[in-house]
Amino acid sequence: MIDNKKIIIVLPAYNAAKTLKKTYQEIPFDIVDEIILVDDYSTDNTFIVAQELNIKHIIKHEINSGYGANQKSCYNKSLELNGDIIVMLHPDYQYTPKLIHSMCYLIANDLYHVVLGSRILGMGALKGGMPYYKYFANRCLTLFQNILMKQKLSEYHSGYRAFSSEVLNTINFNINSDDFVFDNQMLAQICYNNYEIAEITCPTKYFEDASSINFKRSCKYGLGVLKTSIEYFLDKNLNIKSSIFRK
C-alpha cells in the first residue's frame with residue numbers, strides 16, 4: 001500500500017507464457033497488494049505459468065473474447081477486491097514494471113486520477129523498435145484527437161495505465177468495445193468526465209514475443225479512434241448523444 005491505498009496490478013494476458021515470468025518478477029511487491037491475471041483463452045501455457053507463479057487471482061475466459069473484454073474482467077475484479085489504485089500492465093514485457101512506483105505515487109498523493117506511460121515522450125517508441133508506420137499513425141491520430149477533444153496528450157494509445165478506483169467507478173467502461181478500441185473509448189470517457197491525465201516517459205520494447213496487432217487490425221483500430229473522437233466532439237459541442245458517455 002501507499003498511504004493506506006490498496007494497489008492492484010491487472011495483467012490482461014493472451015499467449016504470454018514466454019514473457020509472463022519476467023514481467024511478474026519486476027513488479028514492485030513492496031507497494032503492490034494484489035495481482036489479477038485474466039487469460040483470454042490463450043493457446044499456449046499462460047494459465048499454467050500463472051499458476052506456477054502463485055498468482056492468487058486468475059480468471060480464464062472460456063472463449064477468446066477480445067482485448068477490451070479482457071480488460072473489463074480485470075477492472076471488474078479489481079473493484080470487487082476494493083482496489084484504490086489499479087495499474088494495467090501488459091504481461092508481454094513490452095512496458096517495464098519499474099515505473100509502477102512513479103505511476104502509483106502520483107495517484108496516491110492525490111495529484112492525478114489517471115497516469116499513462118507514454119512511449120512518445122522522449123522518443124521511446126522509435127528507440128524501442130516501433131514500426132515507422134505505427135509511429136506515424138500514432139502521431140496523426142493523437143493530433144486529431146487532441147484537436148477534437150481539446151486535450152494535450154502525447155499519445156492515446158499506450159497500454160500502460162494507472163487509475164484511481166474513483167475513475168473506474170465513474171465511467172461506464174463495461175459498455176465499451178470488446179476489441180482494441182476499448183482503450184481509446186476509455187480515455188475519451190475519462191476526458192469527458194473532466195479527469196486530468198498525467199503522462200510519464202516510458203521506454204518500450206518491440207520484439208518477437210511482444211504482442212502487437214497486424215496492419216489490418218491496426219487500420220480497424222484507427223477507424224475506431226476516429227469514430228470515438230467524432231462522437232466525443234458531437235456530444236460535447238452539439239449535444240448529439242453517444243452511449244459510451246452515459247453512465
# chains A, B, ... in the order shown; residues from 1 in each chain; ligands from 1
call {"tool": "residues_around", "arguments": {"residues": "stretch 79-86 of chain A", "least_positions_apart": "2", "cutoff": "12 Å", "atoms": "only C-alpha atoms", "output": "compact mmCIF listing (two decimals) with all heavy atoms, in the first residue's frame"}}
result
# COMPACT_ATOMS: atom_id res chain seq x y z
N MET A 1 0.83 -1.20 0.00
CA MET A 1 0.00 0.00 0.00
C MET A 1 0.86 1.26 0.00
O MET A 1 2.03 1.22 0.37
CB MET A 1 -0.92 0.03 1.23
CG MET A 1 -2.05 -0.98 1.20
SD MET A 1 -3.21 -0.69 2.56
CE MET A 1 -4.45 -1.92 2.16
N ILE A 2 0.25 2.36 -0.42
CA ILE A 2 0.82 3.68 -0.25
C ILE A 2 -0.25 4.52 0.46
O ILE A 2 -1.36 4.67 -0.06
CB ILE A 2 1.18 4.36 -1.59
CG1 ILE A 2 2.16 3.49 -2.40
CG2 ILE A 2 1.77 5.74 -1.36
CD1 ILE A 2 2.43 4.03 -3.78
N ASP A 3 0.07 5.05 1.64
CA ASP A 3 -0.91 5.86 2.40
C ASP A 3 -2.23 5.12 2.56
O ASP A 3 -3.31 5.71 2.35
CB ASP A 3 -1.11 7.22 1.73
CG ASP A 3 0.13 8.08 1.79
OD1 ASP A 3 0.96 7.86 2.68
OD2 ASP A 3 0.26 8.97 0.92
N ASN A 4 -2.15 3.85 2.89
CA ASN A 4 -3.33 3.00 3.11
C ASN A 4 -4.19 2.81 1.86
O ASN A 4 -5.37 2.45 1.96
CB ASN A 4 -4.19 3.56 4.25
CG ASN A 4 -3.49 3.46 5.59
OD1 ASN A 4 -2.87 2.43 5.90
ND2 ASN A 4 -3.57 4.52 6.39
N LYS A 5 -3.63 3.08 0.69
CA LYS A 5 -4.34 2.84 -0.57
C LYS A 5 -3.91 1.49 -1.14
O LYS A 5 -2.72 1.24 -1.35
CB LYS A 5 -4.07 3.98 -1.55
CG LYS A 5 -4.69 5.31 -1.15
CD LYS A 5 -4.41 6.38 -2.19
CE LYS A 5 -5.22 7.66 -1.91
NZ LYS A 5 -4.82 8.31 -0.66
N LYS A 6 -4.89 0.65 -1.39
CA LYS A 6 -4.62 -0.70 -1.89
C LYS A 6 -4.29 -0.65 -3.38
O LYS A 6 -5.05 -0.09 -4.18
CB LYS A 6 -5.85 -1.59 -1.65
CG LYS A 6 -5.64 -3.05 -2.03
CD LYS A 6 -6.89 -3.86 -1.66
CE LYS A 6 -6.69 -5.34 -1.94
NZ LYS A 6 -7.88 -6.13 -1.56
N ILE A 7 -3.16 -1.25 -3.74
CA ILE A 7 -2.68 -1.21 -5.13
C ILE A 7 -2.84 -2.59 -5.76
O ILE A 7 -2.37 -3.60 -5.22
CB ILE A 7 -1.22 -0.76 -5.20
CG1 ILE A 7 -1.10 0.68 -4.66
CG2 ILE A 7 -0.69 -0.83 -6.63
CD1 ILE A 7 0.32 1.16 -4.52
N ILE A 8 -3.49 -2.60 -6.91
CA ILE A 8 -3.72 -3.86 -7.64
C ILE A 8 -3.14 -3.73 -9.05
O ILE A 8 -3.39 -2.73 -9.74
CB ILE A 8 -5.22 -4.19 -7.72
CG1 ILE A 8 -5.79 -4.43 -6.31
CG2 ILE A 8 -5.45 -5.41 -8.60
CD1 ILE A 8 -7.28 -4.72 -6.29
N ILE A 9 -2.38 -4.73 -9.46
CA ILE A 9 -1.86 -4.79 -10.83
C ILE A 9 -2.73 -5.77 -11.61
O ILE A 9 -2.94 -6.91 -11.16
CB ILE A 9 -0.40 -5.27 -10.87
CG1 ILE A 9 0.48 -4.43 -9.93
CG2 ILE A 9 0.13 -5.24 -12.30
CD1 ILE A 9 0.53 -2.97 -10.28
N VAL A 10 -3.23 -5.35 -12.75
CA VAL A 10 -4.01 -6.25 -13.60
C VAL A 10 -3.20 -6.58 -14.85
O VAL A 10 -2.58 -5.72 -15.47
CB VAL A 10 -5.39 -5.66 -13.97
CG1 VAL A 10 -6.22 -5.43 -12.72
CG2 VAL A 10 -5.26 -4.37 -14.77
N LEU A 11 -3.19 -7.86 -15.19
CA LEU A 11 -2.42 -8.37 -16.33
C LEU A 11 -3.38 -8.97 -17.35
O LEU A 11 -3.83 -10.11 -17.19
CB LEU A 11 -1.44 -9.44 -15.85
CG LEU A 11 -0.44 -9.05 -14.75
CD1 LEU A 11 0.30 -10.28 -14.25
CD2 LEU A 11 0.55 -8.01 -15.27
N ILE A 31 5.04 -2.31 -2.68
CA ILE A 31 3.84 -1.47 -2.62
C ILE A 31 2.60 -2.16 -3.18
O ILE A 31 1.47 -1.75 -2.91
CB ILE A 31 4.03 -0.11 -3.35
CG1 ILE A 31 4.28 -0.34 -4.85
CG2 ILE A 31 5.14 0.70 -2.70
CD1 ILE A 31 4.20 0.94 -5.67
N VAL A 32 2.79 -3.22 -3.98
CA VAL A 32 1.67 -3.88 -4.64
C VAL A 32 1.02 -4.90 -3.71
O VAL A 32 1.70 -5.71 -3.09
CB VAL A 32 2.13 -4.57 -5.94
CG1 VAL A 32 1.02 -5.44 -6.52
CG2 VAL A 32 2.58 -3.51 -6.96
N ASP A 33 -0.32 -4.86 -3.64
CA ASP A 33 -1.06 -5.74 -2.73
C ASP A 33 -1.63 -6.97 -3.42
O ASP A 33 -1.66 -8.05 -2.83
CB ASP A 33 -2.21 -4.95 -2.08
CG ASP A 33 -1.71 -3.76 -1.28
OD1 ASP A 33 -1.18 -3.98 -0.20
OD2 ASP A 33 -1.83 -2.62 -1.77
N GLU A 34 -2.13 -6.81 -4.65
CA GLU A 34 -2.78 -7.93 -5.33
C GLU A 34 -2.40 -7.93 -6.81
O GLU A 34 -2.16 -6.88 -7.40
CB GLU A 34 -4.31 -7.83 -5.22
CG GLU A 34 -4.86 -7.76 -3.82
CD GLU A 34 -5.05 -9.12 -3.18
OE1 GLU A 34 -4.61 -10.12 -3.79
OE2 GLU A 34 -5.64 -9.18 -2.09
N ILE A 35 -2.37 -9.13 -7.38
CA ILE A 35 -2.18 -9.30 -8.82
C ILE A 35 -3.40 -10.03 -9.37
O ILE A 35 -3.84 -11.04 -8.81
CB ILE A 35 -0.93 -10.14 -9.14
CG1 ILE A 35 0.32 -9.52 -8.51
CG2 ILE A 35 -0.76 -10.31 -10.65
CD1 ILE A 35 0.76 -8.23 -9.14
N ILE A 36 -3.94 -9.52 -10.46
CA ILE A 36 -5.03 -10.19 -11.17
C ILE A 36 -4.55 -10.49 -12.59
O ILE A 36 -4.08 -9.59 -13.29
CB ILE A 36 -6.29 -9.31 -11.25
CG1 ILE A 36 -6.81 -8.96 -9.84
CG2 ILE A 36 -7.39 -9.99 -12.07
CD1 ILE A 36 -7.87 -7.88 -9.84
N LYS A 56 -2.60 -15.17 -7.22
CA LYS A 56 -3.78 -15.54 -6.45
C LYS A 56 -5.07 -15.44 -7.25
O LYS A 56 -5.95 -16.30 -7.16
CB LYS A 56 -3.88 -14.65 -5.20
CG LYS A 56 -5.02 -14.99 -4.27
CD LYS A 56 -5.00 -14.09 -3.04
CE LYS A 56 -6.17 -14.40 -2.10
NZ LYS A 56 -6.15 -13.52 -0.91
N HIS A 57 -5.19 -14.39 -8.02
CA HIS A 57 -6.44 -14.15 -8.74
C HIS A 57 -6.22 -14.38 -10.24
O HIS A 57 -5.66 -13.53 -10.94
CB HIS A 57 -6.94 -12.73 -8.49
CG HIS A 57 -7.10 -12.40 -7.04
ND1 HIS A 57 -8.14 -12.88 -6.27
CD2 HIS A 57 -6.32 -11.64 -6.21
CE1 HIS A 57 -8.01 -12.43 -5.04
NE2 HIS A 57 -6.93 -11.68 -4.97
N GLN A 71 -9.87 -6.63 -20.46
CA GLN A 71 -9.73 -5.52 -19.51
C GLN A 71 -10.97 -5.35 -18.64
O GLN A 71 -10.86 -5.03 -17.44
CB GLN A 71 -9.43 -4.22 -20.25
CG GLN A 71 -8.02 -4.14 -20.78
CD GLN A 71 -7.69 -2.75 -21.27
OE1 GLN A 71 -7.61 -1.79 -20.50
NE2 GLN A 71 -7.51 -2.61 -22.58
N LYS A 72 -12.13 -5.57 -19.21
CA LYS A 72 -13.35 -5.47 -18.41
C LYS A 72 -13.30 -6.46 -17.25
O LYS A 72 -13.64 -6.10 -16.10
CB LYS A 72 -14.58 -5.73 -19.29
CG LYS A 72 -14.86 -4.65 -20.32
CD LYS A 72 -16.01 -5.04 -21.24
CE LYS A 72 -16.17 -4.05 -22.37
NZ LYS A 72 -17.27 -4.41 -23.29
N SER A 73 -12.88 -7.68 -17.54
CA SER A 73 -12.75 -8.67 -16.47
C SER A 73 -11.73 -8.22 -15.43
O SER A 73 -11.93 -8.38 -14.22
CB SER A 73 -12.33 -10.03 -17.05
OG SER A 73 -13.34 -10.56 -17.89
N CYS A 74 -10.62 -7.65 -15.90
CA CYS A 74 -9.58 -7.14 -15.00
C CYS A 74 -10.12 -6.07 -14.06
O CYS A 74 -9.95 -6.14 -12.83
CB CYS A 74 -8.42 -6.56 -15.81
SG CYS A 74 -7.35 -7.75 -16.64
N TYR A 75 -10.76 -5.08 -14.62
CA TYR A 75 -11.20 -3.93 -13.81
C TYR A 75 -12.37 -4.29 -12.90
O TYR A 75 -12.43 -3.81 -11.76
CB TYR A 75 -11.56 -2.75 -14.72
CG TYR A 75 -10.40 -2.25 -15.55
CD1 TYR A 75 -10.56 -1.89 -16.88
CD2 TYR A 75 -9.12 -2.14 -15.00
CE1 TYR A 75 -9.49 -1.45 -17.64
CE2 TYR A 75 -8.05 -1.69 -15.76
CZ TYR A 75 -8.24 -1.35 -17.08
OH TYR A 75 -7.18 -0.91 -17.83
N ASN A 76 -13.27 -5.10 -13.39
CA ASN A 76 -14.39 -5.51 -12.53
C ASN A 76 -13.90 -6.30 -11.33
O ASN A 76 -14.38 -6.11 -10.21
CB ASN A 76 -15.41 -6.32 -13.35
CG ASN A 76 -16.26 -5.46 -14.26
OD1 ASN A 76 -16.71 -4.38 -13.86
ND2 ASN A 76 -16.49 -5.91 -15.47
N LYS A 77 -12.92 -7.16 -11.55
CA LYS A 77 -12.35 -7.93 -10.43
C LYS A 77 -11.60 -7.01 -9.47
O LYS A 77 -11.68 -7.19 -8.24
CB LYS A 77 -11.42 -9.02 -10.97
CG LYS A 77 -10.83 -9.92 -9.89
CD LYS A 77 -11.91 -10.73 -9.17
CE LYS A 77 -11.32 -11.70 -8.17
NZ LYS A 77 -12.37 -12.49 -7.47
N MET A 88 -2.79 -1.20 -15.10
CA MET A 88 -2.80 -2.20 -16.16
C MET A 88 -1.39 -2.33 -16.72
O MET A 88 -0.81 -1.36 -17.20
CB MET A 88 -3.75 -1.85 -17.29
CG MET A 88 -3.72 -2.91 -18.40
SD MET A 88 -4.83 -2.64 -19.79
CE MET A 88 -4.06 -1.26 -20.62
N LEU A 89 -0.86 -3.54 -16.64
CA LEU A 89 0.48 -3.84 -17.14
C LEU A 89 0.38 -5.01 -18.10
O LEU A 89 -0.11 -6.08 -17.73
CB LEU A 89 1.40 -4.18 -15.96
CG LEU A 89 2.80 -4.70 -16.29
CD1 LEU A 89 3.63 -3.61 -16.96
CD2 LEU A 89 3.48 -5.21 -15.02
N ILE A 100 6.02 1.40 -12.03
CA ILE A 100 4.81 1.30 -11.21
C ILE A 100 4.88 2.21 -9.99
O ILE A 100 3.89 2.86 -9.63
CB ILE A 100 4.57 -0.17 -10.81
CG1 ILE A 100 4.13 -0.98 -12.04
CG2 ILE A 100 3.50 -0.28 -9.70
CD1 ILE A 100 4.01 -2.47 -11.81
N HIS A 101 6.04 2.29 -9.35
CA HIS A 101 6.19 3.21 -8.22
C HIS A 101 5.79 4.63 -8.60
O HIS A 101 4.95 5.26 -7.94
CB HIS A 101 7.65 3.23 -7.74
CG HIS A 101 8.00 2.16 -6.78
ND1 HIS A 101 8.84 1.13 -7.11
CD2 HIS A 101 7.62 1.93 -5.50
CE1 HIS A 101 8.98 0.32 -6.07
NE2 HIS A 101 8.24 0.78 -5.09
N MET A 103 4.09 5.84 -11.14
CA MET A 103 2.70 6.00 -11.55
C MET A 103 1.76 6.00 -10.35
O MET A 103 0.84 6.82 -10.25
CB MET A 103 2.32 4.90 -12.55
CG MET A 103 3.15 4.94 -13.82
SD MET A 103 2.90 3.52 -14.92
CE MET A 103 1.35 3.96 -15.70
N CYS A 104 2.01 5.09 -9.42
CA CYS A 104 1.12 4.95 -8.26
C CYS A 104 1.24 6.14 -7.30
O CYS A 104 0.24 6.58 -6.72
CB CYS A 104 1.39 3.65 -7.53
SG CYS A 104 0.85 2.19 -8.44
N TYR A 105 2.45 6.65 -7.11
CA TYR A 105 2.61 7.77 -6.18
C TYR A 105 1.89 9.02 -6.67
O TYR A 105 1.40 9.82 -5.86
CB TYR A 105 4.10 8.05 -5.94
CG TYR A 105 4.68 7.23 -4.82
CD1 TYR A 105 5.49 6.13 -5.08
CD2 TYR A 105 4.41 7.54 -3.48
CE1 TYR A 105 6.01 5.36 -4.05
CE2 TYR A 105 4.93 6.78 -2.45
CZ TYR A 105 5.73 5.69 -2.73
OH TYR A 105 6.24 4.93 -1.71
N LEU A 106 1.83 9.23 -7.97
CA LEU A 106 1.10 10.38 -8.50
C LEU A 106 -0.38 10.32 -8.14
O LEU A 106 -1.02 11.34 -7.87
CB LEU A 106 1.26 10.46 -10.02
CG LEU A 106 2.61 10.93 -10.54
CD1 LEU A 106 2.70 10.75 -12.04
CD2 LEU A 106 2.86 12.40 -10.17
N ILE A 107 -0.92 9.10 -8.13
CA ILE A 107 -2.33 8.93 -7.76
C ILE A 107 -2.50 8.91 -6.25
O ILE A 107 -3.41 9.56 -5.70
CB ILE A 107 -2.89 7.64 -8.39
CG1 ILE A 107 -2.84 7.74 -9.92
CG2 ILE A 107 -4.33 7.39 -7.93
CD1 ILE A 107 -3.27 6.47 -10.64
N ALA A 108 -1.63 8.22 -5.55
CA ALA A 108 -1.74 8.11 -4.09
C ALA A 108 -1.63 9.46 -3.40
O ALA A 108 -2.25 9.70 -2.36
CB ALA A 108 -0.67 7.16 -3.56
N ASN A 109 -0.85 10.37 -3.98
CA ASN A 109 -0.68 11.71 -3.41
C ASN A 109 -1.73 12.70 -3.89
O ASN A 109 -1.59 13.91 -3.71
CB ASN A 109 0.72 12.24 -3.71
CG ASN A 109 1.80 11.51 -2.93
OD1 ASN A 109 1.60 11.14 -1.78
ND2 ASN A 109 2.95 11.29 -3.56
N ASP A 110 -2.77 12.17 -4.54
CA ASP A 110 -3.92 12.97 -4.98
C ASP A 110 -3.54 14.07 -5.98
O ASP A 110 -4.17 15.14 -6.02
CB ASP A 110 -4.64 13.59 -3.77
CG ASP A 110 -5.21 12.53 -2.84
OD1 ASP A 110 -5.72 11.52 -3.35
OD2 ASP A 110 -5.13 12.71 -1.61
N TYR A 112 -3.16 13.25 -9.44
CA TYR A 112 -3.91 12.88 -10.62
C TYR A 112 -4.73 11.62 -10.32
O TYR A 112 -4.41 10.87 -9.40
CB TYR A 112 -2.98 12.58 -11.81
CG TYR A 112 -2.20 13.78 -12.29
CD1 TYR A 112 -0.93 14.06 -11.78
CD2 TYR A 112 -2.73 14.63 -13.24
CE1 TYR A 112 -0.21 15.16 -12.21
CE2 TYR A 112 -2.02 15.74 -13.69
CZ TYR A 112 -0.76 16.00 -13.17
OH TYR A 112 -0.06 17.09 -13.59
N HIS A 113 -5.75 11.40 -11.14
CA HIS A 113 -6.54 10.17 -11.04
C HIS A 113 -6.15 9.16 -12.11
O HIS A 113 -6.51 7.99 -12.00
CB HIS A 113 -8.03 10.49 -11.17
CG HIS A 113 -8.63 11.08 -9.94
ND1 HIS A 113 -9.01 10.32 -8.86
CD2 HIS A 113 -8.92 12.36 -9.61
CE1 HIS A 113 -9.51 11.09 -7.91
NE2 HIS A 113 -9.45 12.34 -8.34
N VAL A 114 -5.42 9.62 -13.13
CA VAL A 114 -5.03 8.75 -14.24
C VAL A 114 -3.59 9.07 -14.63
O VAL A 114 -3.22 10.24 -14.73
CB VAL A 114 -5.94 8.95 -15.47
CG1 VAL A 114 -5.53 8.01 -16.61
CG2 VAL A 114 -7.40 8.75 -15.10
N VAL A 115 -2.79 8.03 -14.82
CA VAL A 115 -1.41 8.21 -15.27
C VAL A 115 -1.15 7.25 -16.43
O VAL A 115 -1.47 6.06 -16.34
CB VAL A 115 -0.39 7.94 -14.14
CG1 VAL A 115 1.03 8.19 -14.65
CG2 VAL A 115 -0.67 8.81 -12.92
N TYR A 160 -0.07 1.10 -21.09
CA TYR A 160 0.44 1.14 -19.71
C TYR A 160 -0.30 2.25 -18.98
O TYR A 160 -0.07 3.43 -19.22
CB TYR A 160 1.93 1.41 -19.75
CG TYR A 160 2.71 1.02 -18.50
CD1 TYR A 160 2.12 0.39 -17.41
CD2 TYR A 160 4.07 1.29 -18.44
CE1 TYR A 160 2.87 0.03 -16.30
CE2 TYR A 160 4.83 0.94 -17.33
CZ TYR A 160 4.23 0.32 -16.27
OH TYR A 160 4.96 -0.02 -15.16
N ARG A 161 -1.19 1.89 -18.04
CA ARG A 161 -2.12 2.86 -17.48
C ARG A 161 -2.37 2.59 -16.00
O ARG A 161 -2.44 1.44 -15.58
CB ARG A 161 -3.46 2.80 -18.22
CG ARG A 161 -3.31 3.01 -19.71
CD ARG A 161 -4.55 2.59 -20.49
NE ARG A 161 -4.40 2.97 -21.88
CZ ARG A 161 -5.35 3.50 -22.62
NH1 ARG A 161 -6.56 3.69 -22.12
NH2 ARG A 161 -5.13 3.85 -23.87
N ALA A 162 -2.53 3.66 -15.24
CA ALA A 162 -2.89 3.55 -13.83
C ALA A 162 -4.11 4.42 -13.57
O ALA A 162 -4.21 5.54 -14.09
CB ALA A 162 -1.73 3.98 -12.93
N PHE A 163 -5.03 3.91 -12.76
CA PHE A 163 -6.28 4.60 -12.48
C PHE A 163 -6.58 4.58 -10.99
O PHE A 163 -6.25 3.62 -10.29
CB PHE A 163 -7.46 3.93 -13.19
CG PHE A 163 -7.26 3.66 -14.64
CD1 PHE A 163 -6.84 2.40 -15.08
CD2 PHE A 163 -7.49 4.64 -15.59
CE1 PHE A 163 -6.66 2.13 -16.43
CE2 PHE A 163 -7.32 4.38 -16.95
CZ PHE A 163 -6.90 3.12 -17.36
N SER A 164 -7.26 5.61 -10.54
CA SER A 164 -7.85 5.54 -9.21
C SER A 164 -9.17 4.77 -9.33
O SER A 164 -9.78 4.73 -10.40
CB SER A 164 -8.12 6.95 -8.66
OG SER A 164 -9.17 7.58 -9.38
N SER A 165 -9.60 4.18 -8.23
CA SER A 165 -10.88 3.46 -8.26
C SER A 165 -12.04 4.41 -8.54
O SER A 165 -13.06 4.01 -9.11
CB SER A 165 -11.10 2.73 -6.93
OG SER A 165 -11.07 3.64 -5.84
N GLU A 166 -11.87 5.68 -8.16
CA GLU A 166 -12.92 6.67 -8.43
C GLU A 166 -13.22 6.75 -9.92
O GLU A 166 -14.38 6.80 -10.34
CB GLU A 166 -12.52 8.05 -7.91
CG GLU A 166 -13.55 9.13 -8.20
CD GLU A 166 -13.09 10.52 -7.78
OE1 GLU A 166 -12.47 10.65 -6.71
OE2 GLU A 166 -13.37 11.48 -8.53
N VAL A 167 -12.16 6.76 -10.73
CA VAL A 167 -12.33 6.82 -12.18
C VAL A 167 -13.08 5.60 -12.69
O VAL A 167 -14.04 5.72 -13.47
CB VAL A 167 -10.97 6.95 -12.89
CG1 VAL A 167 -11.11 6.70 -14.38
CG2 VAL A 167 -10.38 8.32 -12.65
N LEU A 168 -12.65 4.42 -12.27
CA LEU A 168 -13.29 3.20 -12.76
C LEU A 168 -14.74 3.10 -12.31
O LEU A 168 -15.57 2.49 -13.01
CB LEU A 168 -12.51 1.98 -12.29
CG LEU A 168 -11.09 1.84 -12.83
CD1 LEU A 168 -10.46 0.52 -12.36
CD2 LEU A 168 -11.06 1.91 -14.36
N ASN A 169 -15.06 3.68 -11.17
CA ASN A 169 -16.45 3.67 -10.69
C ASN A 169 -17.29 4.74 -11.37
O ASN A 169 -18.53 4.66 -11.36
CB ASN A 169 -16.49 3.87 -9.17
CG ASN A 169 -16.20 2.60 -8.40
OD1 ASN A 169 -16.79 1.56 -8.68
ND2 ASN A 169 -15.30 2.68 -7.43
N THR A 170 -16.64 5.75 -11.96
CA THR A 170 -17.37 6.85 -12.58
C THR A 170 -17.72 6.58 -14.04
O THR A 170 -18.85 6.82 -14.47
CB THR A 170 -16.54 8.15 -12.49
OG1 THR A 170 -16.34 8.50 -11.12
CG2 THR A 170 -17.26 9.31 -13.20
call {"tool": "residues_around", "arguments": {"residues": "A:Asn172", "least_positions_apart": "3", "cutoff": "12 Å", "atoms": "only C-alpha atoms", "output": "PyMOL selection string"}}
result
chain A and resi 72+75-76+166-169+175-177+182+185-190+192-193+243-247
call {"tool": "select_by_dssp", "arguments": {"residues": "stretch 8-234 of chain A", "states": "strand (DSSP E or B)", "output": "PyMOL selection string"}}
result
chain A and resi 8-13+34-39+57-60+85-88+95+114-118+161-164+197-201+204
call {"tool": "select_by_dssp", "arguments": {"residues": "stretch 43-159 of chain A", "states": "alpha helix (DSSP H)", "output": "PyMOL selection string"}}
result
chain A and resi 46-52+67-80+100-108+124-127+132-149
call {"tool": "write_last_selection", "arguments": {"atoms": "C-alpha atoms", "output": "PDB file, in the first residue's frame"}}
result
ATOM      1  CA  THR A  46      -0.096 -18.804 -19.990  1.00  0.00           C
ATOM      2  CA  PHE A  47      -2.558 -20.203 -17.457  1.00  0.00           C
ATOM      3  CA  ILE A  48      -0.079 -22.833 -16.214  1.00  0.00           C
ATOM      4  CA  VAL A  49       2.736 -20.282 -15.861  1.00  0.00           C
ATOM      5  CA  ALA A  50       0.401 -18.006 -13.879  1.00  0.00           C
ATOM      6  CA  GLN A  51      -0.375 -20.884 -11.536  1.00  0.00           C
ATOM      7  CA  GLU A  52       3.320 -21.685 -11.131  1.00  0.00           C
ATOM      8  CA  TYR A  67      -8.620  -7.302 -25.606  1.00  0.00           C
ATOM      9  CA  GLY A  68     -11.380  -4.998 -24.394  1.00  0.00           C
ATOM     10  CA  ALA A  69     -13.318  -7.853 -22.823  1.00  0.00           C
ATOM     11  CA  ASN A  70     -10.128  -8.953 -21.078  1.00  0.00           C
ATOM     12  CA  GLN A  71      -9.732  -5.520 -19.507  1.00  0.00           C
ATOM     13  CA  LYS A  72     -13.352  -5.466 -18.414  1.00  0.00           C
ATOM     14  CA  SER A  73     -12.751  -8.671 -16.466  1.00  0.00           C
ATOM     15  CA  CYS A  74      -9.578  -7.144 -14.998  1.00  0.00           C
ATOM     16  CA  TYR A  75     -11.197  -3.929 -13.815  1.00  0.00           C
ATOM     17  CA  ASN A  76     -14.393  -5.507 -12.533  1.00  0.00           C
ATOM     18  CA  LYS A  77     -12.354  -7.928 -10.433  1.00  0.00           C
ATOM     19  CA  SER A  78     -10.133  -5.117  -9.131  1.00  0.00           C
ATOM     20  CA  LEU A  79     -13.189  -3.187  -7.967  1.00  0.00           C
ATOM     21  CA  GLU A  80     -14.591  -6.348  -6.403  1.00  0.00           C
ATOM     22  CA  ILE A 100       4.810   1.297 -11.209  1.00  0.00           C
ATOM     23  CA  HIS A 101       6.193   3.207  -8.221  1.00  0.00           C
ATOM     24  CA  SER A 102       6.157   6.519 -10.074  1.00  0.00           C
ATOM     25  CA  MET A 103       2.703   5.999 -11.553  1.00  0.00           C
ATOM     26  CA  CYS A 104       1.118   4.954  -8.261  1.00  0.00           C
ATOM     27  CA  TYR A 105       2.615   7.765  -6.179  1.00  0.00           C
ATOM     28  CA  LEU A 106       1.095  10.384  -8.499  1.00  0.00           C
ATOM     29  CA  ILE A 107      -2.333   8.934  -7.763  1.00  0.00           C
ATOM     30  CA  ALA A 108      -1.737   8.108  -4.091  1.00  0.00           C
ATOM     31  CA  GLY A 124      10.994   5.892 -26.534  1.00  0.00           C
ATOM     32  CA  ALA A 125       8.810   4.347 -29.227  1.00  0.00           C
ATOM     33  CA  LEU A 126      11.260   4.556 -32.130  1.00  0.00           C
ATOM     34  CA  LYS A 127      14.218   3.701 -29.920  1.00  0.00           C
ATOM     35  CA  TYR A 132       7.505   3.646 -38.554  1.00  0.00           C
ATOM     36  CA  TYR A 133       4.005   3.231 -39.961  1.00  0.00           C
ATOM     37  CA  LYS A 134       2.659   2.721 -36.435  1.00  0.00           C
ATOM     38  CA  TYR A 135       4.581   5.737 -35.157  1.00  0.00           C
ATOM     39  CA  PHE A 136       3.226   7.906 -37.981  1.00  0.00           C
ATOM     40  CA  ALA A 137      -0.340   6.688 -37.392  1.00  0.00           C
ATOM     41  CA  ASN A 138       0.057   7.267 -33.649  1.00  0.00           C
ATOM     42  CA  ARG A 139       1.096  10.881 -34.200  1.00  0.00           C
ATOM     43  CA  CYS A 140      -1.689  11.587 -36.710  1.00  0.00           C
ATOM     44  CA  LEU A 141      -4.425  10.017 -34.591  1.00  0.00           C
ATOM     45  CA  THR A 142      -3.183  11.761 -31.456  1.00  0.00           C
ATOM     46  CA  LEU A 143      -3.189  15.161 -33.194  1.00  0.00           C
ATOM     47  CA  PHE A 144      -6.727  14.531 -34.464  1.00  0.00           C
ATOM     48  CA  GLN A 145      -7.957  13.572 -31.007  1.00  0.00           C
ATOM     49  CA  ASN A 146      -6.235  16.454 -29.246  1.00  0.00           C
ATOM     50  CA  ILE A 147      -7.974  18.902 -31.581  1.00  0.00           C
ATOM     51  CA  LEU A 148     -11.437  17.364 -31.345  1.00  0.00           C
ATOM     52  CA  MET A 149     -11.243  16.622 -27.625  1.00  0.00           C
TER      53      MET A 149
END
call {"tool": "closest_residue", "arguments": {"among": "A:Leu153, A:Val225, A:Leu37, A:Ile58", "to": "A:Leu20", "atoms": "only C-alpha atoms"}}
result
A:Leu37
call {"tool": "closest_residue", "arguments": {"among": "A:Gly66, A:Pro28, A:Gly122, A:Gly159", "to": "A:Pro91", "atoms": "only C-alpha atoms"}}
result
A:Gly159
